[in-house]
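Trainee: Could you have a look at this structure, given as structure tokens, before my questions?
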Amino acid sequence: MPGPCPYWSGPAPVNRLSNLGYVILRYDELVRVRIKKLIFVLIAAYVLIIARLFYIQVIRAPFYREKARELTVRKIALPARRGTIYDRDGQKLAVTIDACDIYVQPVKIKDKEEVATQLSQILGCSRTQLLDTLKSDKKFTYVARRADIWIGDAVTRAKIFGTGSIRTTKRVYPGGTLAAHIVGFTNVDGKGIEGLERVYDKQLRGTDGYVVAEVDARGKIIPGTRRDRVEPINGGDIVLTIDSTLQRSLEHELEKSYKAHSAAGATAIMMEPKTGEILALANMPTFDPNNAKNSSAASRRDRAVTDLYEPGSTLKAMTVCAGLEAKAVTPTDIFYCNASKGIGRRTIRCSLHPPFMAGHGACNVAKILTYSCNIGAADIGFKLGGERLYKFEQAFGFYEKPDSGLPGEVRGWHDNWRDWADIRLANIAFGQGIAVTPMQMAKAYSAIANGGLIMKPYVVKEIRKPDGKPEQQFMPTVVRRVMSESTSAMVSEMLQGVVSEGTGKTADVQGYRVCGKTGSAQKASTTGRGYAPGKFIASFAGFLPLRDPRVVILVAVDEPKGTHWGATVAAPVFQGAATRAMWHMKVPPDNIPEAPKPVGGSKNGGSDTVESPVSRHPRLGG
Amino acid sequence: MSKKAAPDLVLFTLMVVLLVIGLFLVFDASYARAGQVKYTHGDSFYFMKRQVLFAVIGVIGMFLAMRIRYWKLKRLAPVLLAGAIFGLVLVFVPGFGVNINGATRWISLGGIQLQPSEIAKICLIIYLASVISAKRGEIRNLQRGLVPIVIPAAIVIFLVVIEDMGTAITLALTTLIMIYMAGAKIRHLLAAAGICLVLCIIFVAVEPYRIGRLTVFLDPFKDAQGSGYQVCHSLIALGSGGPLGVGICEGREKLFYLPAEHTDFIFAVLGEEAGLIGTVLVAALFLAFAARGFIVALQTKDLFGRLMAGGISALIGGQAFLNMGVVTSSLPATGVPMPFISYGGTSLAINLFSVGILLAVSKYPKPPEDYSYEDSIDRRRDRRPRVSGNMHSRRPSSRLR
């Protein structure tokens with residue numbers, strides 16, 4: 001046993017011989033010395049670490065603080081809610097609802113098979129497709145966008161690592177195809193792409209707000225770290241002049257005709273002539289804005305304002321207006337039609353129907369309209385002359401954009417009257433060789449219905465602030481006077497004759513005196529010269545009731561198969577929609593037939609009163 | 001006769017302070033993740049509860065270890081070493097080995113997951129202390145002393161390397177310190193360190209991408225999104241804490257920015273929230289603990305106890321140093337947990353148990369001279385009654401019967 005430890009008491013009893021190292025030192029003391037050296041090494045090592053900590057946490061602290069700030073402080077957008085689009089009665093045509101995006105982070109997911117199984121059950125989508133997504137080496141990708149909230153909640157509840165849902169909003173069109181071309185649609189990010197969604201994107205969108213706060217690595221705001229917050233200003237609402245009920249019935253009627261005649265397209269516009277408010281506007285084919293990306297471009301086109309067509313006989317009403325207003329013709333002037341007339345080297349013809357198989361014979365102005373006499377209309381044109389006809393067509397608004405507020409409007413196609421040869425003048429007088437849009441045509445007819453005053457058509461009645469207060473209201477605007485009230489009244493009477501006894505009988509609405517004009521226009525050939533054989537645009541334009549017109553309706557059906565007459569293809573659409581409009585608008589009837597005399601017993605009289613006006617009229621051919 | 005003293009209260013107090021700081025920090029650093037991760041069932045206290053459980057087990061283990069008359073461990077040393085090797089091998093046996101986050105370093109025993117590499121630490125220290133104290137000065141002889149001592153240690157370290165690089169480095173460092181402490185020749189030590197270095201070079205040469213891993217600490221922001229990510233965030237956490245810290249529980253980096261925030265990088269969370277004050281305090285506590293452990297080693301008269309105390313001090317002081325080195329980006333990144341503080345049940349329990357042994361050494365500064373294995377056999381052959389007062393007084397009734 002060694003004595004008292006020399007390092008603790010007294011001088012060391014050891015002779016250290018430098019050349020022999022520790023040999024003489026006893027082993028235990030060697031260990032003690034080494035432990036002491038270790039203590040010094042230990043202290044030195046810790047001093048180094050503390051120095052390093054001092055360097056990082058004091059000298060370099062500003063640098064790392066800045067790094068941390070870059071990392072955590074974020075400006076997070078607070079999206080504004082897009083405004084609602086209402087119809088005139090407050091029915092919602094476009095609304096914004098809560099939705100969620102489902103995302104996955106494929107690089108973080110280990111058991112991809114299992115996750116694919118679980119997710120496909122929640123999302124109700126194909127598992128193999130999900131698996132393909134999960135097997136990619138993306139850091140972040142969406143597997144579902146704008147999904148229902150409950151799906152997002154289910155994903156959140158499932159707590160699958162590497163998956164999650166983000167709250168967002170979604171644009172929904174509760175009416176489906178209802179007024180699709182007017183309302184338009186937004187893209188997935190809520191930006192207006194078509195229709196009024198595009199025109200009023202700024203007003204509907206509102207202003208996004210933001211919050212500046214610190215976030216954790218998963219992007220969540222750390223409570224209590226908010227530095228700045230600007231509240232979003234929600235988008236305003238838009239109230240349309242569209243009446244959902246009328247819109248629906250117009251679409252329904254138009255679709256019936258469009259399908260029955262396997263047409264290439266169809267358009268119908270219902271306007272209030274006194275104000276220029278568009279009550280309904282339908283196009284076929286149509287699309288569902290809820291699923292706009294799967295629709296064809298053709299079905300998304302708002303044909304009512306973007307497509308030009310040669311109006312055909314419906315334009316005769318304008319020619320007659322011009323002739324009467326300019327006093328070029330009087331209602332009693334007689335024109336003679338023997339089915340064909342040579343003009344220069346060309347010949348113009350009338351369509352021949354019983355009982356006029358050899359031409360319409362002697363016609364006054366009213367009869368020209370009633371039986372749609374081309375030669376008579378051409379003669380009015382000749383009496384009027386190119387310049388005056390041109391000026392009137394300009395006054396009717398065919399050479400300017402109708403300015404209805406719908407996007408994509410075009411102006412009519414025409415050339416200068418000085419270039420018109422006689423054949424052109426004759427053609428234009430009965431509606432060929434000039435191209436207009438359906439909206440322009442409806443506008444022109446509303447001028448006749450409105451005592452000669454042409455109104456600016458419009459679809460947006462009011463823009464509201466998010467709190468519901470009006471921001472901007474649109475009022476009826478007179479564009480100009482086209483003709484005198486007496487001329488319009490005269491032409492209206494003539495147009496009433498078209499429906500009561502002429503080509504437009506199929507447009508008659510029981511109880512009302514209906515004015516209108518059929519049209520069966522040839523389509524210009526796509527090759528550039530002449531007309532395409534067998535291709536027509538069947539149209540009908542009219543208004544009712546005669547004395548106090550409440551609606552103007554224009555129907556145009558493109559390339560109907562089988563029959564091409566305006567009376568068989570377009571007039572029934574007018575008749576159906578106008579009947580609904582009269583009922584819906586509670587317009588008092590102005591043409592109540594006299595009470596049937598009880599000659600044939602009660603059976604006859606009874607059947608008369610219950611008969612539906614829709615099914616009353618026999619369909620006439622032509 | 002063994003002289004019995006009070007266990008070293010300074011050591012005990014330092015350990016308690018570190019343990020309390022550690023338990024709090026585990027909660028502080030982990031509650032965000034625990035509230036989000038699926039397997040915790042959204043329980044923010046999940047990691048803290050488990051850590052407290054293992055702390056309780058560890059403290060019980062510590063008090064039991066304090067009661068051991070530590071020299072008896074000398075006889076157990078070969079058994080412990082064999083057990084450690086057995087446990088390490090068991091990790092590779094299918095059915096026992098558990099893979100967590102891509103690393104297979106746990107075994108599952110009846111629902112409890114243990115980390116054999118952590119257990120191997122204390123076993124290796126006890127083994128080294130016992131075998132060196134048996135050979136004494138012979139350690140200065142390469143063939144008879146050093147090599148036979150080091151080979152079993154090398155086997156253990158090799159097994160640990162496969163499972164857990166960080167622990168293996170800790171063990172290698174501890175072994176080197178213990179051999180140094182035991183008086184091995186400096187040139188032998190340099191040779192051993194050289195061999196380690198060569199092995200490291202081979203290790204890197206096999207997979208060239210490891211060079212990047214090893215050198216990333218020199219400039220972590222060069223690849224802040226890739227291999228430097230963890231260290232970058234560690235530095236940002238420490239640096240943004242500044243001298244005074246952002247405030248306890250106010251840390252941002254633990255909110256999923258900093259990986260391993262409640263295990264290997266918990267010190268960075270402390271640095272962010274408590275600043276330089278906190279980090280220096282904890283570093284000083286570890287320094288004081290290790291230094292005090294070495295002083296206990298100095299005060300002990302018995303070589304086995306001295307080596308064991310020195311080894312345990314070196315283990316804890318060295319491991320904390322390695323951890324801080326990695327967190328401050330002063331050393332290449334290796335997964336070394338911080339003793340007493342990082343989350344990890346086995347590690348905590350074993351560390352506390354080791355402190356128990358250290359305290360036991362401090363309790364018996366002068367153990368009986370004749371406790372060696374051979375002596376006890378002689379004693380039994382003589383049928384001399386056992387003279388240990390403790391033993392006698394504890395079971396007087398059985399003696400009388």
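Chain identifiers are assigned as A, B, and so on, following the order in which chains appear in the structure tokens; residues are numbered from 1 within each chain, and ligands are numbered from 1 in order of appearance.
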Identify every residue of chain A that has at least one atom within 8 Å of any atom of chain B, counting only C-alpha atoms, and report the result as a ChimeraX atom specification.

Mentor: /A:27-28,30-32,34-36,38-39,42-43,45-46,49-50,52-54,56-58,60-68,72,159-161,216-218

Trainee: Write to file, as an mmCIF file, in the first residue's frame, the residues of the selection just made, with N, CA and C atoms.

Mentor:
data_model
loop_
_atom_site.group_PDB
_atom_site.id
_atom_site.type_symbol
_atom_site.label_atom_id
_atom_site.label_comp_id
_atom_site.auth_asym_id
_atom_site.auth_seq_id
_atom_site.Cartn_x
_atom_site.Cartn_y
_atom_site.Cartn_z
ATOM 1 N N TYR A 27 3.130 3.565 -11.198
ATOM 2 C CA TYR A 27 2.055 3.480 -12.178
ATOM 3 C C TYR A 27 0.835 4.310 -11.765
ATOM 4 N N ASP A 28 0.421 4.177 -10.504
ATOM 5 C CA ASP A 28 -0.765 4.904 -10.064
ATOM 6 C C ASP A 28 -0.606 6.399 -10.244
ATOM 7 N N LEU A 30 1.277 7.838 -12.432
ATOM 8 C CA LEU A 30 1.190 8.116 -13.863
ATOM 9 C C LEU A 30 -0.267 8.363 -14.268
ATOM 10 N N VAL A 31 -1.124 7.478 -13.769
ATOM 11 C CA VAL A 31 -2.547 7.606 -14.083
ATOM 12 C C VAL A 31 -3.078 8.938 -13.563
ATOM 13 N N ARG A 32 -2.691 9.291 -12.361
ATOM 14 C CA ARG A 32 -3.162 10.552 -11.784
ATOM 15 C C ARG A 32 -2.708 11.741 -12.628
ATOM 16 N N ARG A 34 -1.965 11.747 -15.738
ATOM 17 C CA ARG A 34 -2.688 11.754 -17.013
ATOM 18 C C ARG A 34 -4.106 12.301 -16.821
ATOM 19 N N ILE A 35 -4.744 11.928 -15.727
ATOM 20 C CA ILE A 35 -6.095 12.444 -15.476
ATOM 21 C C ILE A 35 -6.050 13.957 -15.333
ATOM 22 N N LYS A 36 -5.026 14.440 -14.640
ATOM 23 C CA LYS A 36 -4.909 15.896 -14.495
ATOM 24 C C LYS A 36 -4.727 16.569 -15.855
ATOM 25 N N LEU A 38 -5.800 15.436 -18.581
ATOM 26 C CA LEU A 38 -7.095 15.348 -19.263
ATOM 27 C C LEU A 38 -8.019 16.467 -18.829
ATOM 28 N N ILE A 39 -7.966 16.802 -17.537
ATOM 29 C CA ILE A 39 -8.832 17.889 -17.064
ATOM 30 C C ILE A 39 -8.494 19.166 -17.816
ATOM 31 N N LEU A 42 -9.800 18.931 -21.286
ATOM 32 C CA LEU A 42 -11.251 19.100 -21.231
ATOM 33 C C LEU A 42 -11.612 20.580 -21.150
ATOM 34 N N ILE A 43 -10.949 21.275 -20.228
ATOM 35 C CA ILE A 43 -11.248 22.701 -20.064
ATOM 36 C C ILE A 43 -10.951 23.438 -21.368
ATOM 37 N N ALA A 45 -10.972 22.287 -24.403
ATOM 38 C CA ALA A 45 -11.982 21.963 -25.418
ATOM 39 C C ALA A 45 -13.252 22.760 -25.186
ATOM 40 N N TYR A 46 -13.665 22.851 -23.924
ATOM 41 C CA TYR A 46 -14.911 23.574 -23.626
ATOM 42 C C TYR A 46 -14.744 25.065 -23.829
ATOM 43 N N ILE A 49 -15.301 25.615 -27.423
ATOM 44 C CA ILE A 49 -16.730 25.564 -27.777
ATOM 45 C C ILE A 49 -17.434 26.853 -27.357
ATOM 46 N N ILE A 50 -17.094 27.320 -26.148
ATOM 47 C CA ILE A 50 -17.752 28.542 -25.667
ATOM 48 C C ILE A 50 -17.348 29.725 -26.552
ATOM 49 N N ARG A 52 -16.605 29.536 -29.659
ATOM 50 C CA ARG A 52 -17.369 29.356 -30.901
ATOM 51 C C ARG A 52 -18.812 29.835 -30.719
ATOM 52 N N LEU A 53 -19.396 29.488 -29.568
ATOM 53 C CA LEU A 53 -20.765 29.938 -29.281
ATOM 54 C C LEU A 53 -20.816 31.457 -29.236
ATOM 55 N N PHE A 54 -19.799 32.059 -28.631
ATOM 56 C CA PHE A 54 -19.749 33.514 -28.549
ATOM 57 C C PHE A 54 -19.698 34.110 -29.953
ATOM 58 N N ILE A 56 -20.812 32.742 -32.743
ATOM 59 C CA ILE A 56 -22.089 32.573 -33.448
ATOM 60 C C ILE A 56 -23.162 33.472 -32.854
ATOM 61 N N GLN A 57 -23.232 33.489 -31.536
ATOM 62 C CA GLN A 57 -24.406 34.092 -30.899
ATOM 63 C C GLN A 57 -24.240 35.573 -30.601
ATOM 64 N N VAL A 58 -23.023 36.074 -30.674
ATOM 65 C CA VAL A 58 -22.858 37.508 -30.433
ATOM 66 C C VAL A 58 -22.352 38.213 -31.692
ATOM 67 N N ARG A 60 -21.850 37.020 -34.860
ATOM 68 C CA ARG A 60 -22.576 36.751 -36.104
ATOM 69 C C ARG A 60 -24.096 36.820 -35.927
ATOM 70 N N ALA A 61 -24.546 37.169 -34.739
ATOM 71 C CA ALA A 61 -25.992 37.129 -34.456
ATOM 72 C C ALA A 61 -26.816 37.932 -35.461
ATOM 73 N N PRO A 62 -26.421 39.153 -35.832
ATOM 74 C CA PRO A 62 -27.260 39.907 -36.789
ATOM 75 C C PRO A 62 -27.467 39.164 -38.108
ATOM 76 N N PHE A 63 -26.396 38.521 -38.593
ATOM 77 C CA PHE A 63 -26.495 37.763 -39.839
ATOM 78 C C PHE A 63 -27.526 36.651 -39.718
ATOM 79 N N TYR A 64 -27.435 35.896 -38.633
ATOM 80 C CA TYR A 64 -28.360 34.768 -38.480
ATOM 81 C C TYR A 64 -29.773 35.248 -38.183
ATOM 82 N N ARG A 65 -29.895 36.361 -37.479
ATOM 83 C CA ARG A 65 -31.233 36.921 -37.238
ATOM 84 C C ARG A 65 -31.900 37.255 -38.566
ATOM 85 N N GLU A 66 -31.109 37.830 -39.481
ATOM 86 C CA GLU A 66 -31.640 38.182 -40.792
ATOM 87 C C GLU A 66 -32.065 36.921 -41.533
ATOM 88 N N LYS A 67 -31.212 35.894 -41.439
ATOM 89 C CA LYS A 67 -31.547 34.613 -42.092
ATOM 90 C C LYS A 67 -32.866 34.074 -41.541
ATOM 91 N N ALA A 68 -33.006 34.134 -40.220
ATOM 92 C CA ALA A 68 -34.216 33.607 -39.584
ATOM 93 C C ALA A 68 -35.428 34.421 -40.025
ATOM 94 N N THR A 72 -38.823 32.959 -41.790
ATOM 95 C CA THR A 72 -40.104 32.817 -41.101
ATOM 96 C C THR A 72 -41.108 33.904 -41.447
ATOM 97 N N LYS A 159 -54.871 12.454 -41.577
ATOM 98 C CA LYS A 159 -53.505 12.737 -41.117
ATOM 99 C C LYS A 159 -52.487 11.819 -41.782
ATOM 100 N N ILE A 160 -52.556 11.717 -43.091
ATOM 101 C CA ILE A 160 -51.558 10.938 -43.819
ATOM 102 C C ILE A 160 -50.360 11.840 -44.047
ATOM 103 N N PHE A 161 -49.192 11.369 -43.648
ATOM 104 C CA PHE A 161 -47.995 12.197 -43.766
ATOM 105 C C PHE A 161 -47.725 12.515 -45.233
ATOM 106 N N ASP A 216 -44.426 28.723 -39.448
ATOM 107 C CA ASP A 216 -43.546 27.579 -39.195
ATOM 108 C C ASP A 216 -43.200 26.948 -40.541
ATOM 109 N N ALA A 217 -42.388 25.899 -40.485
ATOM 110 C CA ALA A 217 -41.889 25.337 -41.741
ATOM 111 C C ALA A 217 -43.003 24.722 -42.565
ATOM 112 N N ARG A 218 -44.160 24.524 -41.952
ATOM 113 C CA ARG A 218 -45.274 23.960 -42.719
ATOM 114 C C ARG A 218 -46.196 25.051 -43.241
#

Trainee: Could you list, as a PyMOL selection string, every residue within 10 Å of stretch 10-17 of chain B, counting only C-alpha atoms and ignoring same-chain residues fewer than 6 positions away?

Mentor: chain B and resi 59+282+285-286+288-293+296+339-340+351-352+355-356+358-359+362

Trainee: Go ahead and compute the interatomic distance for atom CA of B:Ser347 and atom CA of B:Leu315, in Å to one decimal.

Mentor: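 Atom-to-atom, atom CA of B:Ser347 to atom CA of B:Leu315, that is 12.0 Å.
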
Trainee: Looking at B:Ala191, B:Val246, B:Cys123, B:Ala34, which one is nearest to B:Gly311, with distances taken over only C-alpha atoms?

Mentor: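 Checking each of B:Ala191, B:Val246, B:Cys123, B:Ala34 against B:Gly311, counting only C-alpha atoms, the winner is B:Cys123.
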
Trainee: If you run DSSP on the backbone here, which positions in stretch 307-482 of chain A get alpha helix (DSSP H)? Please write them as a PyMOL selection string.

Mentor: chain A and resi 316-325+365-370+374-384+386-395+422-429+438-449

Trainee: For a test of reading the model, state the distance in Å between atom CA of B:Leu146 and atom CA of B:Tyr127, rounded to one decimal.

Mentor: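 Interatomic distance here is 13.7 Å.
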
Trainee: Would you pick out the contacts of stretch 506-518 of chain A at 8 Å or less, using only C-alpha atoms, so that residues sharing its chain but fewer than 2 positions from it are not included, and give the list as an MDAnalysis selection string?

Mentor: chainID A and resid 313:314 317 369 372 492:500 503:504 520 538:546 565:568 570:575 578:579 589:593 613:614 617:620

Trainee: May I have the residues within 6 Å of A:Arg411 as a tab-separated table (two decimals) with all heavy atoms, in the first residue's frame, using only C-alpha atoms and disregarding those fewer than 6 positions away in the same chain?

Mentor:
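Output (result_23.tsv):
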chain	number	residue	atom	x	y	z
A	399	TYR	N	-74.29	49.12	-88.61
A	399	TYR	CA	-72.88	49.33	-88.92
A	399	TYR	C	-72.06	49.70	-87.69
A	399	TYR	O	-70.90	50.04	-87.79
A	399	TYR	CB	-72.74	50.44	-89.99
A	399	TYR	CG	-73.51	50.16	-91.25
A	399	TYR	CD1	-73.91	51.17	-92.09
A	399	TYR	CD2	-73.82	48.84	-91.61
A	399	TYR	CE1	-74.62	50.90	-93.26
A	399	TYR	CE2	-74.52	48.56	-92.76
A	399	TYR	CZ	-74.93	49.58	-93.59
A	399	TYR	OH	-75.62	49.30	-94.72
A	400	GLU	N	-72.70	49.61	-86.52
A	400	GLU	CA	-71.95	49.91	-85.29
A	400	GLU	C	-72.12	48.73	-84.33
A	400	GLU	O	-73.03	47.92	-84.49
A	400	GLU	CB	-72.48	51.19	-84.65
A	400	GLU	CG	-73.90	51.03	-84.15
A	400	GLU	CD	-74.64	52.34	-83.90
A	400	GLU	OE1	-74.12	53.38	-84.28
A	400	GLU	OE2	-75.73	52.28	-83.35
A	401	LYS	N	-71.25	48.70	-83.35
A	401	LYS	CA	-71.41	47.65	-82.35
A	401	LYS	C	-72.65	47.92	-81.53
A	401	LYS	O	-72.93	49.07	-81.19
A	401	LYS	CB	-70.19	47.61	-81.44
A	401	LYS	CG	-68.95	47.05	-82.13
A	401	LYS	CD	-67.80	46.88	-81.16
A	401	LYS	CE	-66.62	46.29	-81.89
A	401	LYS	NZ	-65.43	46.18	-81.03

Trainee: Please list as a CSV table (one decimal) with N, CA, C and O atoms, in the first residue's frame every residue within 9 Å of stretch 162-175 of chain B, counting only C-alpha atoms and excluding residues in the same chain fewer than 3 positions away.

Mentor:
chain,number,residue,atom,x,y,z
B,88,LEU,N,-25.9,-6.1,-29.4
B,88,LEU,CA,-25.5,-5.4,-30.7
B,88,LEU,C,-25.8,-6.3,-31.8
B,88,LEU,O,-26.3,-5.9,-32.9
B,91,VAL,N,-29.6,-6.8,-32.8
B,91,VAL,CA,-30.2,-5.8,-33.7
B,91,VAL,C,-30.4,-6.3,-35.1
B,91,VAL,O,-31.4,-6.0,-35.8
B,103,ALA,N,-32.9,3.8,-39.8
B,103,ALA,CA,-31.7,3.3,-39.1
B,103,ALA,C,-32.1,2.2,-38.2
B,103,ALA,O,-33.2,2.2,-37.6
B,104,THR,N,-31.4,1.1,-38.3
B,104,THR,CA,-31.7,-0.1,-37.5
B,104,THR,C,-30.7,-0.1,-36.3
B,104,THR,O,-29.5,-0.5,-36.4
B,105,ARG,N,-31.2,0.4,-35.2
B,105,ARG,CA,-30.3,0.5,-34.0
B,105,ARG,C,-31.1,0.2,-32.8
B,105,ARG,O,-30.6,0.4,-31.7
B,106,TRP,N,-32.3,-0.3,-32.9
B,106,TRP,CA,-33.1,-0.6,-31.7
B,106,TRP,C,-33.5,-2.1,-31.7
B,106,TRP,O,-33.6,-2.7,-32.8
B,117,SER,N,-26.6,0.0,-28.6
B,117,SER,CA,-25.3,0.8,-28.7
B,117,SER,C,-25.1,1.7,-27.5
B,117,SER,O,-24.0,1.9,-27.0
B,118,GLU,N,-26.2,2.2,-26.9
B,118,GLU,CA,-26.1,3.0,-25.7
B,118,GLU,C,-25.7,2.2,-24.5
B,118,GLU,O,-24.9,2.6,-23.7
B,120,ALA,N,-24.0,-0.5,-24.7
B,120,ALA,CA,-22.6,-1.0,-24.9
B,120,ALA,C,-21.6,0.0,-24.3
B,120,ALA,O,-20.5,-0.4,-23.9
B,121,LYS,N,-22.0,1.3,-24.2
B,121,LYS,CA,-21.1,2.3,-23.7
B,121,LYS,C,-20.6,2.0,-22.4
B,121,LYS,O,-19.4,1.9,-22.1
B,124,LEU,N,-18.6,-1.2,-22.0
B,124,LEU,CA,-17.3,-1.1,-22.5
B,124,LEU,C,-16.4,-0.4,-21.5
B,124,LEU,O,-15.2,-0.9,-21.3
B,125,ILE,N,-16.9,0.6,-20.9
B,125,ILE,CA,-16.1,1.3,-19.9
B,125,ILE,C,-15.8,0.4,-18.7
B,125,ILE,O,-14.6,0.4,-18.2
B,128,LEU,N,-13.1,-2.1,-19.9
B,128,LEU,CA,-11.8,-1.5,-20.0
B,128,LEU,C,-11.2,-1.3,-18.7
B,128,LEU,O,-10.0,-1.6,-18.4
B,150,VAL,N,-7.3,-3.8,-26.2
B,150,VAL,CA,-8.1,-3.0,-27.2
B,150,VAL,C,-8.9,-3.8,-28.1
B,150,VAL,O,-10.0,-3.4,-28.5
B,153,ALA,N,-12.6,-4.1,-27.3
B,153,ALA,CA,-13.2,-2.8,-27.5
B,153,ALA,C,-13.4,-2.5,-29.0
B,153,ALA,O,-14.4,-2.0,-29.4
B,154,ALA,N,-12.4,-2.9,-29.8
B,154,ALA,CA,-12.5,-2.7,-31.3
B,154,ALA,C,-13.7,-3.4,-31.8
B,154,ALA,O,-14.4,-2.9,-32.7
B,156,VAL,N,-16.5,-4.2,-30.3
B,156,VAL,CA,-17.7,-3.5,-29.9
B,156,VAL,C,-17.9,-2.3,-30.8
B,156,VAL,O,-19.0,-2.1,-31.3
B,157,ILE,N,-16.8,-1.6,-30.9
B,157,ILE,CA,-16.9,-0.3,-31.7
B,157,ILE,C,-17.3,-0.6,-33.1
B,157,ILE,O,-18.1,0.0,-33.8
B,158,PHE,N,-16.7,-1.7,-33.7
B,158,PHE,CA,-17.0,-2.1,-35.0
B,158,PHE,C,-18.5,-2.4,-35.2
B,158,PHE,O,-19.2,-2.0,-36.1
B,159,LEU,N,-19.0,-3.2,-34.2
B,159,LEU,CA,-20.5,-3.5,-34.2
B,159,LEU,C,-21.3,-2.2,-34.2
B,159,LEU,O,-22.3,-2.1,-34.8
B,178,MET,N,-9.5,6.6,-22.2
B,178,MET,CA,-9.2,5.6,-21.1
B,178,MET,C,-7.9,5.0,-21.2
B,178,MET,O,-7.2,4.8,-20.2
B,179,ILE,N,-7.5,4.7,-22.5
B,179,ILE,CA,-6.2,4.1,-22.6
B,179,ILE,C,-5.1,5.1,-22.3
B,179,ILE,O,-4.1,4.8,-21.6
B,180,TYR,N,-5.3,6.3,-22.7
B,180,TYR,CA,-4.4,7.4,-22.4
B,180,TYR,C,-4.3,7.5,-20.9
B,180,TYR,O,-3.2,7.5,-20.3
B,196,CYS,N,-7.5,4.7,-36.6
B,196,CYS,CA,-8.8,5.2,-36.7
B,196,CYS,C,-9.0,6.1,-38.0
B,196,CYS,O,-9.9,6.1,-38.7
B,311,GLY,N,-13.5,7.1,-17.0
B,311,GLY,CA,-14.1,6.8,-18.3
B,311,GLY,C,-15.5,7.4,-18.4
B,311,GLY,O,-15.9,7.9,-19.4
B,312,ILE,N,-16.3,7.3,-17.3
B,312,ILE,CA,-17.6,7.8,-17.3
B,312,ILE,C,-17.6,9.3,-17.5
B,312,ILE,O,-18.4,9.9,-18.3
B,314,ALA,N,-15.2,11.0,-18.9
B,314,ALA,CA,-14.8,11.3,-20.3
B,314,ALA,C,-16.0,11.0,-21.3
B,314,ALA,O,-16.2,11.8,-22.2
B,315,LEU,N,-16.7,10.0,-21.0
B,315,LEU,CA,-17.9,9.7,-21.9
B,315,LEU,C,-18.9,10.8,-21.9
B,315,LEU,O,-19.3,11.3,-23.0
B,318,GLY,N,-17.2,14.1,-23.0
B,318,GLY,CA,-16.8,14.0,-24.5
B,318,GLY,C,-18.0,14.0,-25.4
B,318,GLY,O,-18.1,14.7,-26.4
B,319,GLN,N,-19.1,13.3,-24.9
B,319,GLN,CA,-20.3,13.3,-25.8
B,319,GLN,C,-20.9,14.6,-25.9
B,319,GLN,O,-21.3,15.1,-26.9
B,322,LEU,N,-18.8,16.6,-28.3
B,322,LEU,CA,-19.1,16.3,-29.7
B,322,LEU,C,-20.4,16.9,-30.1
B,322,LEU,O,-20.5,17.4,-31.2
B,333,ALA,N,-21.0,16.6,-39.1
B,333,ALA,CA,-22.2,16.2,-38.5
B,333,ALA,C,-22.3,14.7,-38.3
B,333,ALA,O,-22.1,13.9,-39.2
B,334,THR,N,-22.4,14.4,-37.0
B,334,THR,CA,-22.7,13.0,-36.7
B,334,THR,C,-23.7,13.0,-35.6
B,334,THR,O,-23.8,13.9,-34.8
B,335,GLY,N,-24.5,11.9,-35.6
B,335,GLY,CA,-25.7,11.9,-34.7
B,335,GLY,C,-25.3,11.6,-33.3
B,335,GLY,O,-25.3,10.4,-32.9
B,336,VAL,N,-24.8,12.6,-32.5
B,336,VAL,CA,-24.4,12.4,-31.1
B,336,VAL,C,-25.5,13.1,-30.3
B,336,VAL,O,-25.6,14.3,-30.4
B,337,PRO,N,-26.2,12.4,-29.4
B,337,PRO,CA,-27.1,13.1,-28.6
B,337,PRO,C,-26.4,13.7,-27.4
B,337,PRO,O,-25.3,13.3,-27.0

Trainee: Name the residues in contact with A:Gly195 at a cut-off of 6 Å, using only C-alpha atoms, excluding same-chain residues fewer than 6 positions from it; report them as a PyMOL selection string.

Mentor: chain A and resi 182-184

Trainee: Please, could you write that set of residues out with N, CA, C and O atoms as a PDB file, in the first residue's frame?

Mentor:
ATOM      1  N   ILE A 182     -73.985  34.597 -71.119  1.00  0.00           N
ATOM      2  CA  ILE A 182     -73.984  35.955 -70.573  1.00  0.00           C
ATOM      3  C   ILE A 182     -73.049  36.015 -69.373  1.00  0.00           C
ATOM      4  O   ILE A 182     -72.173  36.863 -69.275  1.00  0.00           O
ATOM      5  N   VAL A 183     -73.256  35.065 -68.452  1.00  0.00           N
ATOM      6  CA  VAL A 183     -72.504  35.078 -67.204  1.00  0.00           C
ATOM      7  C   VAL A 183     -71.032  34.757 -67.481  1.00  0.00           C
ATOM      8  O   VAL A 183     -70.136  35.376 -66.923  1.00  0.00           O
ATOM      9  N   GLY A 184     -70.768  33.804 -68.350  1.00  0.00           N
ATOM     10  CA  GLY A 184     -69.393  33.399 -68.626  1.00  0.00           C
ATOM     11  C   GLY A 184     -68.869  32.506 -67.513  1.00  0.00           C
ATOM     12  O   GLY A 184     -69.645  31.866 -66.808  1.00  0.00           O
TER      13      GLY A 184
END
